[in-house]
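Pasted below: my_file.cif, mmCIF, C-alpha atoms, pLDDT in the B column; chains and numbers go by the auth columns.
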data_start
#
loop_
_atom_site.group_PDB
_atom_site.id
_atom_site.type_symbol
_atom_site.label_atom_id
_atom_site.label_comp_id
_atom_site.label_asym_id
_atom_site.label_seq_id
_atom_site.Cartn_x
_atom_site.Cartn_y
_atom_site.Cartn_z
_atom_site.B_iso_or_equiv
_atom_site.auth_seq_id
_atom_site.auth_asym_id
ATOM 1 C CA MET A 1 190.704 97.239 84.785 47.00 289 A
ATOM 2 C CA SER A 2 188.090 96.110 87.294 46.00 290 A
ATOM 3 C CA SER A 3 188.252 97.040 90.959 52.00 291 A
ATOM 4 C CA ARG A 4 186.589 93.768 92.009 55.00 292 A
ATOM 5 C CA THR A 5 188.391 91.691 94.575 49.00 293 A
ATOM 6 C CA ILE A 6 188.927 88.147 93.449 46.00 294 A
ATOM 7 C CA LEU A 7 188.574 85.775 96.362 48.00 295 A
ATOM 8 C CA PRO A 8 190.448 82.493 96.391 53.00 296 A
ATOM 9 C CA ALA A 9 188.397 79.381 95.754 49.00 297 A
ATOM 10 C CA PRO A 10 186.917 77.931 98.946 57.00 298 A
ATOM 11 C CA LEU A 11 188.938 75.176 100.506 75.00 299 A
ATOM 12 C CA ALA A 12 187.377 71.745 100.821 88.00 300 A
ATOM 13 C CA VAL A 13 186.161 70.252 104.084 94.00 301 A
ATOM 14 C CA ARG A 14 187.557 66.794 104.760 96.00 302 A
ATOM 15 C CA SER A 15 187.521 64.264 107.561 97.00 303 A
ATOM 16 C CA ALA A 16 190.487 64.539 109.893 97.00 304 A
ATOM 17 C CA LEU A 17 193.066 61.800 110.201 96.00 305 A
ATOM 18 C CA ARG A 18 194.957 60.650 113.271 96.00 306 A
ATOM 19 C CA GLU A 19 198.009 62.367 111.745 96.00 307 A
ATOM 20 C CA ASP A 20 196.128 65.702 112.079 97.00 308 A
ATOM 21 C CA ALA A 21 196.178 65.548 115.894 97.00 309 A
ATOM 22 C CA ALA A 22 199.070 68.005 116.337 96.00 310 A
ATOM 23 C CA ALA A 23 197.531 70.441 113.854 96.00 311 A
ATOM 24 C CA LEU A 24 194.135 70.175 115.615 97.00 312 A
ATOM 25 C CA ALA A 25 195.812 70.948 118.931 97.00 313 A
ATOM 26 C CA ALA A 26 197.757 73.882 117.441 96.00 314 A
ATOM 27 C CA LEU A 27 194.640 75.367 115.822 96.00 315 A
ATOM 28 C CA SER A 28 192.675 75.010 119.063 97.00 316 A
ATOM 29 C CA ARG A 29 195.368 76.312 121.441 97.00 317 A
ATOM 30 C CA PRO A 30 194.604 80.066 121.107 96.00 318 A
ATOM 31 C CA PHE A 31 190.907 79.393 121.737 95.00 319 A
ATOM 32 C CA VAL A 32 191.765 77.340 124.822 95.00 320 A
ATOM 33 C CA ARG A 33 193.871 80.241 126.148 95.00 321 A
ATOM 34 C CA MET A 34 190.926 82.628 125.602 92.00 322 A
ATOM 35 C CA GLY A 35 188.621 80.244 127.488 90.00 323 A
ATOM 36 C CA ALA A 36 186.442 79.537 124.444 91.00 324 A
ATOM 37 C CA LEU A 37 187.449 75.852 124.266 93.00 325 A
ATOM 38 C CA ARG A 38 188.275 73.240 126.859 92.00 326 A
ATOM 39 C CA GLU A 39 191.844 71.991 126.914 93.00 327 A
ATOM 40 C CA ARG A 40 192.388 68.573 125.358 95.00 328 A
ATOM 41 C CA SER A 41 195.562 66.523 125.286 96.00 329 A
ATOM 42 C CA LEU A 42 197.338 65.647 122.075 96.00 330 A
ATOM 43 C CA SER A 43 196.507 61.982 122.718 96.00 331 A
ATOM 44 C CA LEU A 44 192.804 62.879 122.963 96.00 332 A
ATOM 45 C CA TYR A 45 192.958 64.729 119.632 97.00 333 A
ATOM 46 C CA ALA A 46 194.630 61.646 118.151 97.00 334 A
ATOM 47 C CA SER A 47 192.092 59.179 119.540 97.00 335 A
ATOM 48 C CA ASP A 48 189.135 61.395 118.553 97.00 336 A
ATOM 49 C CA ALA A 49 190.521 62.551 115.185 96.00 337 A
ATOM 50 C CA THR A 50 187.821 60.749 113.207 95.00 338 A
ATOM 51 C CA ASP A 51 185.188 62.935 114.938 97.00 339 A
ATOM 52 C CA PHE A 52 186.607 66.026 113.232 98.00 340 A
ATOM 53 C CA LEU A 53 185.901 67.776 110.003 98.00 341 A
ATOM 54 C CA VAL A 54 188.717 70.103 108.975 98.00 342 A
ATOM 55 C CA VAL A 55 189.607 72.674 106.370 96.00 343 A
ATOM 56 C CA GLU A 56 193.235 72.440 105.327 92.00 344 A
ATOM 57 C CA ALA A 57 195.009 75.567 104.079 89.00 345 A
ATOM 58 C CA ARG A 58 197.078 75.429 100.948 87.00 346 A
ATOM 59 C CA ASP A 59 200.239 75.399 103.090 87.00 347 A
ATOM 60 C CA GLY A 60 199.039 72.247 104.902 86.00 348 A
ATOM 61 C CA SER A 61 198.065 73.943 108.175 90.00 349 A
ATOM 62 C CA LEU A 62 194.470 73.718 109.386 95.00 350 A
ATOM 63 C CA ASP A 63 192.221 76.756 108.948 96.00 351 A
ATOM 64 C CA GLY A 64 189.256 75.319 110.852 97.00 352 A
ATOM 65 C CA CYS A 65 187.868 72.284 112.626 98.00 353 A
ATOM 66 C CA LEU A 66 184.635 70.990 114.106 98.00 354 A
ATOM 67 C CA GLY A 67 184.125 67.762 116.022 98.00 355 A
ATOM 68 C CA LEU A 68 180.949 65.690 115.660 98.00 356 A
ATOM 69 C CA ARG A 69 180.525 62.924 118.233 97.00 357 A
ATOM 70 C CA VAL A 70 177.717 60.462 117.499 97.00 358 A
ATOM 71 C CA HIS A 71 175.775 59.121 120.492 96.00 359 A
ATOM 72 C CA PRO A 72 173.703 55.965 119.955 94.00 360 A
ATOM 73 C CA ALA A 73 169.973 55.799 120.565 92.00 361 A
ATOM 74 C CA ASP A 74 168.878 55.594 124.189 85.00 362 A
ATOM 75 C CA PRO A 75 165.810 53.310 124.236 85.00 363 A
ATOM 76 C CA ALA A 76 165.353 53.880 127.980 82.00 364 A
ATOM 77 C CA ASP A 77 164.664 57.557 127.262 79.00 365 A
ATOM 78 C CA GLY A 78 162.916 56.911 123.953 82.00 366 A
ATOM 79 C CA ARG A 79 165.589 58.904 122.103 85.00 367 A
ATOM 80 C CA GLY A 80 167.074 58.142 118.754 92.00 368 A
ATOM 81 C CA PRO A 81 170.739 58.643 117.886 96.00 369 A
ATOM 82 C CA THR A 82 172.010 62.171 118.447 97.00 370 A
ATOM 83 C CA GLY A 83 175.207 64.082 117.886 97.00 371 A
ATOM 84 C CA VAL A 84 177.258 66.653 119.730 98.00 372 A
ATOM 85 C CA LEU A 85 179.273 69.333 117.970 98.00 373 A
ATOM 86 C CA TYR A 86 182.403 70.399 119.823 97.00 374 A
ATOM 87 C CA ASN A 87 185.796 72.085 119.508 97.00 375 A
ATOM 88 C CA PHE A 88 184.584 74.411 116.750 97.00 376 A
ATOM 89 C CA CYS A 89 187.226 76.915 115.741 96.00 377 A
ATOM 90 C CA VAL A 90 188.414 78.874 112.735 96.00 378 A
ATOM 91 C CA ALA A 91 191.903 80.355 112.502 95.00 379 A
ATOM 92 C CA PRO A 92 191.782 84.110 113.204 92.00 380 A
ATOM 93 C CA ARG A 93 193.204 84.889 109.737 89.00 381 A
ATOM 94 C CA ARG A 94 190.220 83.073 108.170 91.00 382 A
ATOM 95 C CA GLN A 95 187.380 84.347 110.356 91.00 383 A
ATOM 96 C CA GLY A 96 184.671 86.256 108.520 89.00 384 A
ATOM 97 C CA CYS A 97 185.281 84.396 105.247 89.00 385 A
ATOM 98 C CA GLY A 98 182.425 81.897 105.563 92.00 386 A
ATOM 99 C CA LEU A 99 184.634 79.026 106.671 94.00 387 A
ATOM 100 C CA GLY A 100 182.643 78.457 109.887 95.00 388 A
ATOM 101 C CA GLY A 101 179.437 78.160 107.875 96.00 389 A
ATOM 102 C CA GLN A 102 181.147 75.763 105.487 95.00 390 A
ATOM 103 C CA LEU A 103 182.228 73.534 108.389 97.00 391 A
ATOM 104 C CA LEU A 104 178.799 73.682 110.013 97.00 392 A
ATOM 105 C CA ARG A 105 177.026 72.757 106.752 97.00 393 A
ATOM 106 C CA ALA A 106 179.389 69.795 106.347 97.00 394 A
ATOM 107 C CA ALA A 107 178.649 68.681 109.919 98.00 395 A
ATOM 108 C CA LEU A 108 174.900 68.958 109.307 98.00 396 A
ATOM 109 C CA ALA A 109 175.273 66.850 106.153 97.00 397 A
ATOM 110 C CA LYS A 110 177.312 64.249 108.071 97.00 398 A
ATOM 111 C CA ALA A 111 174.700 64.176 110.868 97.00 399 A
ATOM 112 C CA THR A 112 171.949 63.670 108.301 97.00 400 A
ATOM 113 C CA ALA A 113 173.945 60.871 106.645 96.00 401 A
ATOM 114 C CA HIS A 114 174.196 59.178 110.079 95.00 402 A
ATOM 115 C CA SER A 115 170.396 59.537 110.497 96.00 403 A
ATOM 116 C CA LEU A 116 170.782 61.496 113.720 97.00 404 A
ATOM 117 C CA ASP A 117 167.616 62.857 115.299 96.00 405 A
ATOM 118 C CA ALA A 118 169.227 65.996 116.741 96.00 406 A
ATOM 119 C CA LEU A 119 172.490 67.842 117.238 98.00 407 A
ATOM 120 C CA PHE A 120 173.625 69.554 120.436 98.00 408 A
ATOM 121 C CA THR A 121 176.424 71.956 121.207 98.00 409 A
ATOM 122 C CA ALA A 122 177.534 74.176 124.056 96.00 410 A
ATOM 123 C CA THR A 123 179.008 77.620 123.602 95.00 411 A
ATOM 124 C CA THR A 124 180.451 80.227 125.905 91.00 412 A
ATOM 125 C CA GLY A 125 179.746 82.858 123.250 88.00 413 A
ATOM 126 C CA GLY A 126 176.522 84.093 121.727 89.00 414 A
ATOM 127 C CA GLY A 127 176.187 81.162 119.333 94.00 415 A
ATOM 128 C CA ASP A 128 175.136 83.434 116.468 95.00 416 A
ATOM 129 C CA LEU A 129 176.342 81.092 113.729 96.00 417 A
ATOM 130 C CA PHE A 130 174.517 78.141 115.282 98.00 418 A
ATOM 131 C CA LEU A 131 171.334 80.194 115.631 97.00 419 A
ATOM 132 C CA ARG A 132 171.524 81.166 111.932 97.00 420 A
ATOM 133 C CA TYR A 133 171.638 77.453 111.109 97.00 421 A
ATOM 134 C CA GLY A 134 168.497 76.551 113.028 97.00 422 A
ATOM 135 C CA PHE A 135 169.875 75.789 116.485 98.00 423 A
ATOM 136 C CA ALA A 136 167.926 77.071 119.484 98.00 424 A
ATOM 137 C CA PRO A 137 168.554 77.219 123.240 97.00 425 A
ATOM 138 C CA ALA A 138 167.865 73.871 124.906 97.00 426 A
ATOM 139 C CA ARG A 139 168.045 72.224 128.302 94.00 427 A
ATOM 140 C CA ALA A 140 171.152 70.139 128.857 93.00 428 A
ATOM 141 C CA GLY A 141 168.880 67.335 130.101 90.00 429 A
ATOM 142 C CA LEU A 142 167.656 66.785 126.534 92.00 430 A
ATOM 143 C CA ALA A 143 171.192 66.050 125.321 93.00 431 A
ATOM 144 C CA PRO A 144 173.067 62.746 125.582 94.00 432 A
ATOM 145 C CA LYS A 145 173.634 62.108 129.298 91.00 433 A
ATOM 146 C CA ALA A 146 177.370 61.449 129.082 90.00 434 A
ATOM 147 C CA TRP A 147 177.930 64.754 127.311 94.00 435 A
ATOM 148 C CA ALA A 148 175.529 66.758 129.474 93.00 436 A
ATOM 149 C CA ASN A 149 177.208 65.403 132.612 93.00 437 A
ATOM 150 C CA SER A 150 180.615 66.492 131.269 92.00 438 A
ATOM 151 C CA LEU A 151 179.615 70.167 130.987 93.00 439 A
ATOM 152 C CA ASP A 152 181.490 72.353 133.463 90.00 440 A
ATOM 153 C CA PRO A 153 178.985 74.691 135.156 88.00 441 A
ATOM 154 C CA ARG A 154 181.808 77.177 135.858 89.00 442 A
ATOM 155 C CA ARG A 155 182.095 77.808 132.108 89.00 443 A
ATOM 156 C CA ASN A 156 178.541 79.186 131.936 90.00 444 A
ATOM 157 C CA SER A 157 177.964 77.473 128.595 92.00 445 A
ATOM 158 C CA GLN A 158 174.731 77.846 126.705 95.00 446 A
ATOM 159 C CA VAL A 159 173.367 74.571 125.302 97.00 447 A
ATOM 160 C CA LEU A 160 171.919 74.786 121.812 98.00 448 A
ATOM 161 C CA ALA A 161 170.112 72.088 119.823 98.00 449 A
ATOM 162 C CA ARG A 162 168.778 71.482 116.350 98.00 450 A
ATOM 163 C CA VAL A 163 166.285 68.777 115.406 96.00 451 A
ATOM 164 C CA LEU A 164 167.227 67.103 112.099 95.00 452 A
#
How does the structure come out when it is put into structure tokens?
Amino acid sequence: MSSRTILPAPLAVRSALREDAAALAALSRPFVRMGALRERSLSLYASDATDFLVVEARDGSLDGCLGLRVHPADPADGRGPTGVLYNFCVAPRRQGCGLGGQLLRAALAKATAHSLDALFTATTGGGDLFLRYGFAPARAGLAPKAWANSLDPRRNSQVLARVL
């Protein structure tokens, strides 16, 4: 008998549906309470559901999510289309299993499919996973204006970017 641990097959990443709004809010709630995520209303999760990539557990709950908002090119600034990653969280029971990397790879593939020039994100943590995937510290002024203007300076977020 082998002493190897057999890990369950990885769960698939899929695009979220409007019907996932309550599950997105429930998954995010503990991270909002810790101050890692900004609070969003259920109606906002519903209206923005198509931004999200999710990993659904076998029981139907969500194990992780990551939003990708596409911002169109800004000819006035000479910038092509860019994206912003937001509301990135993995259920505590699934952290350390590679699920965050799986979500981030799926978001990078989606950004590439949309021909985005760059991706931006803001984190209140160290951003280690983003840094491992080629993100680097960046000035908020390089990001889409609407998003950069929405950053709350009291959160002390670090802006990270990756050129695609």
Can you list, as an MDAnalysis selection string, every protein, DNA or RNA residue that comes within 12 Å of A:Asp416 when you count all atoms listed in the file, leaving out same-chain residues fewer than 3 positions away? chainID A and resid 388:389 411:413 419:425 446 448
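As for atom CA of A:Arg326 and atom CA of A:Pro441, they are spaced 12.5 Å apart.
Using all atoms listed in the file, the shortest contact distance between A:Gly368 and any of A:Ala406, A:Leu391, A:Val343, A:Leu312 is found at A:Ala406.
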Please determine, counting all atoms listed in the file, which residue among A:Ser316, A:Asn375, A:Ser303, A:Thr370 has the shortest atom-to-atom distance to A:Thr338. A:Ser303
Run the PyMOL selection byres ((chain A and resi 305) around 12) on the file and write out the hits as a PyMOL selection string. chain A and resi 302-304+306-312+333-342+344+353
Identify all residues satisfying the PyMOL selection byres ((chain A and resi 436) around 12) in the given file; provide them as a list in words. His359, Gly371, Val372, Phe408, Thr409, Ala410, Ala426, Arg427, Ala428, Gly429, Leu430, Ala431, Pro432, Lys433, Ala434, Trp435, Asn437, Ser438, Leu439, Asp440, Pro441, Ser445, Gln446, Val447 and Leu448 of chain A
Write the residues of the preceding selection, restricted to C-alpha atoms, as a compact mmCIF listing (two decimals), in the frame of the given file.
# COMPACT_ATOMS: atom_id res chain seq x y z
CA HIS A 359 175.78 59.12 120.49
CA GLY A 371 175.21 64.08 117.89
CA VAL A 372 177.26 66.65 119.73
CA PHE A 408 173.62 69.55 120.44
CA THR A 409 176.42 71.96 121.21
CA ALA A 410 177.53 74.18 124.06
CA ALA A 426 167.86 73.87 124.91
CA ARG A 427 168.04 72.22 128.30
CA ALA A 428 171.15 70.14 128.86
CA GLY A 429 168.88 67.33 130.10
CA LEU A 430 167.66 66.78 126.53
CA ALA A 431 171.19 66.05 125.32
CA PRO A 432 173.07 62.75 125.58
CA LYS A 433 173.63 62.11 129.30
CA ALA A 434 177.37 61.45 129.08
CA TRP A 435 177.93 64.75 127.31
CA ASN A 437 177.21 65.40 132.61
CA SER A 438 180.62 66.49 131.27
CA LEU A 439 179.62 70.17 130.99
CA ASP A 440 181.49 72.35 133.46
CA PRO A 441 178.98 74.69 135.16
CA SER A 445 177.96 77.47 128.60
CA GLN A 446 174.73 77.85 126.70
CA VAL A 447 173.37 74.57 125.30
CA LEU A 448 171.92 74.79 121.81
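The smallest atom-to-atom distance between A:Pro369 and any of A:Ala395, A:Val451, A:Ala324, A:Val301, using only C-alpha atoms, is found for A:Val451.
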Separating atom CA of A:Arg382 from atom CA of A:His402, to the nearest tenth of an Å, is a gap of 28.8 Å
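Computed from the coordinates, the atom CA of A:Asp405 to atom CA of A:Gly366 distance equals 11.5 Å.
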Need to verify the contact set: A:Phe319, 10 Å, all atoms listed in the file, exclusion of same-chain residues closer than 4 positions in sequence. Can you return it as an MDAnalysis selection string? chainID A and resid 314:315 323:327 375:380
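Distances here use all atoms listed in the file; by that measure, the residue among A:Ala449, A:Ala397, A:Gly386, A:Phe418 closest to A:Asp351 is A:Gly386.
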So for stretch 344-362 of chain A, what box centre and size do we get, axis-aligned, 5 Å extra on each of the six sides, every listed atom, Å to one decimal, as AutoDock Vina command-line options?
--center_x 184.6 --center_y 66.2 --center_z 112.6 --size_x 41.4 --size_y 31.2 --size_z 33.2
Coordinate excerpt as a PDB file, in the first residue's frame: stretch 381-399 of chain A, N, CA and C atoms:
ATOM      1  N   ARG A 381     -10.767  27.169   3.050  1.00  0.00           N
ATOM      2  CA  ARG A 381     -10.550  25.712   3.002  1.00  0.00           C
ATOM      3  C   ARG A 381      -9.788  25.270   1.759  1.00  0.00           C
ATOM      4  N   ARG A 382      -9.695  26.160   0.744  1.00  0.00           N
ATOM      5  CA  ARG A 382      -9.029  25.806  -0.511  1.00  0.00           C
ATOM      6  C   ARG A 382      -7.725  26.564  -0.736  1.00  0.00           C
ATOM      7  N   GLN A 383      -7.347  27.425   0.203  1.00  0.00           N
ATOM      8  CA  GLN A 383      -6.105  28.175   0.042  1.00  0.00           C
ATOM      9  C   GLN A 383      -4.909  27.231   0.152  1.00  0.00           C
ATOM     10  N   GLY A 384      -3.892  27.522  -0.641  1.00  0.00           N
ATOM     11  CA  GLY A 384      -2.686  26.697  -0.651  1.00  0.00           C
ATOM     12  C   GLY A 384      -2.770  25.489  -1.560  1.00  0.00           C
ATOM     13  N   CYS A 385      -3.845  25.372  -2.315  1.00  0.00           N
ATOM     14  CA  CYS A 385      -4.043  24.216  -3.211  1.00  0.00           C
ATOM     15  C   CYS A 385      -3.801  24.567  -4.683  1.00  0.00           C
ATOM     16  N   GLY A 386      -3.370  25.787  -4.958  1.00  0.00           N
ATOM     17  CA  GLY A 386      -3.126  26.185  -6.338  1.00  0.00           C
ATOM     18  C   GLY A 386      -4.323  26.801  -7.039  1.00  0.00           C
ATOM     19  N   LEU A 387      -5.426  26.950  -6.318  1.00  0.00           N
ATOM     20  CA  LEU A 387      -6.635  27.485  -6.934  1.00  0.00           C
ATOM     21  C   LEU A 387      -6.464  28.945  -7.345  1.00  0.00           C
ATOM     22  N   GLY A 388      -5.757  29.745  -6.542  1.00  0.00           N
ATOM     23  CA  GLY A 388      -5.513  31.142  -6.902  1.00  0.00           C
ATOM     24  C   GLY A 388      -4.725  31.250  -8.197  1.00  0.00           C
ATOM     25  N   GLY A 389      -3.703  30.417  -8.339  1.00  0.00           N
ATOM     26  CA  GLY A 389      -2.924  30.395  -9.575  1.00  0.00           C
ATOM     27  C   GLY A 389      -3.766  29.969 -10.764  1.00  0.00           C
ATOM     28  N   GLN A 390      -4.651  29.021 -10.545  1.00  0.00           N
ATOM     29  CA  GLN A 390      -5.542  28.558 -11.611  1.00  0.00           C
ATOM     30  C   GLN A 390      -6.453  29.697 -12.072  1.00  0.00           C
ATOM     31  N   LEU A 391      -7.018  30.439 -11.121  1.00  0.00           N
ATOM     32  CA  LEU A 391      -7.867  31.580 -11.475  1.00  0.00           C
ATOM     33  C   LEU A 391      -7.072  32.663 -12.193  1.00  0.00           C
ATOM     34  N   LEU A 392      -5.876  32.947 -11.699  1.00  0.00           N
ATOM     35  CA  LEU A 392      -5.062  34.001 -12.306  1.00  0.00           C
ATOM     36  C   LEU A 392      -4.640  33.618 -13.726  1.00  0.00           C
ATOM     37  N   ARG A 393      -4.271  32.369 -13.950  1.00  0.00           N
ATOM     38  CA  ARG A 393      -3.930  31.923 -15.313  1.00  0.00           C
ATOM     39  C   ARG A 393      -5.126  32.054 -16.250  1.00  0.00           C
ATOM     40  N   ALA A 394      -6.309  31.718 -15.755  1.00  0.00           N
ATOM     41  CA  ALA A 394      -7.526  31.855 -16.576  1.00  0.00           C
ATOM     42  C   ALA A 394      -7.792  33.324 -16.905  1.00  0.00           C
ATOM     43  N   ALA A 395      -7.569  34.206 -15.938  1.00  0.00           N
ATOM     44  CA  ALA A 395      -7.763  35.642 -16.187  1.00  0.00           C
ATOM     45  C   ALA A 395      -6.744  36.159 -17.193  1.00  0.00           C
ATOM     46  N   LEU A 396      -5.507  35.703 -17.101  1.00  0.00           N
ATOM     47  CA  LEU A 396      -4.486  36.115 -18.070  1.00  0.00           C
ATOM     48  C   LEU A 396      -4.854  35.631 -19.469  1.00  0.00           C
ATOM     49  N   ALA A 397      -5.373  34.420 -19.578  1.00  0.00           N
ATOM     50  CA  ALA A 397      -5.796  33.893 -20.877  1.00  0.00           C
ATOM     51  C   ALA A 397      -6.968  34.707 -21.433  1.00  0.00           C
ATOM     52  N   LYS A 398      -7.911  35.070 -20.565  1.00  0.00           N
ATOM     53  CA  LYS A 398      -9.060  35.876 -20.994  1.00  0.00           C
ATOM     54  C   LYS A 398      -8.596  37.264 -21.438  1.00  0.00           C
ATOM     55  N   ALA A 399      -7.655  37.850 -20.711  1.00  0.00           N
ATOM     56  CA  ALA A 399      -7.122  39.176 -21.074  1.00  0.00           C
ATOM     57  C   ALA A 399      -6.416  39.113 -22.425  1.00  0.00           C
TER      58      ALA A 399
END
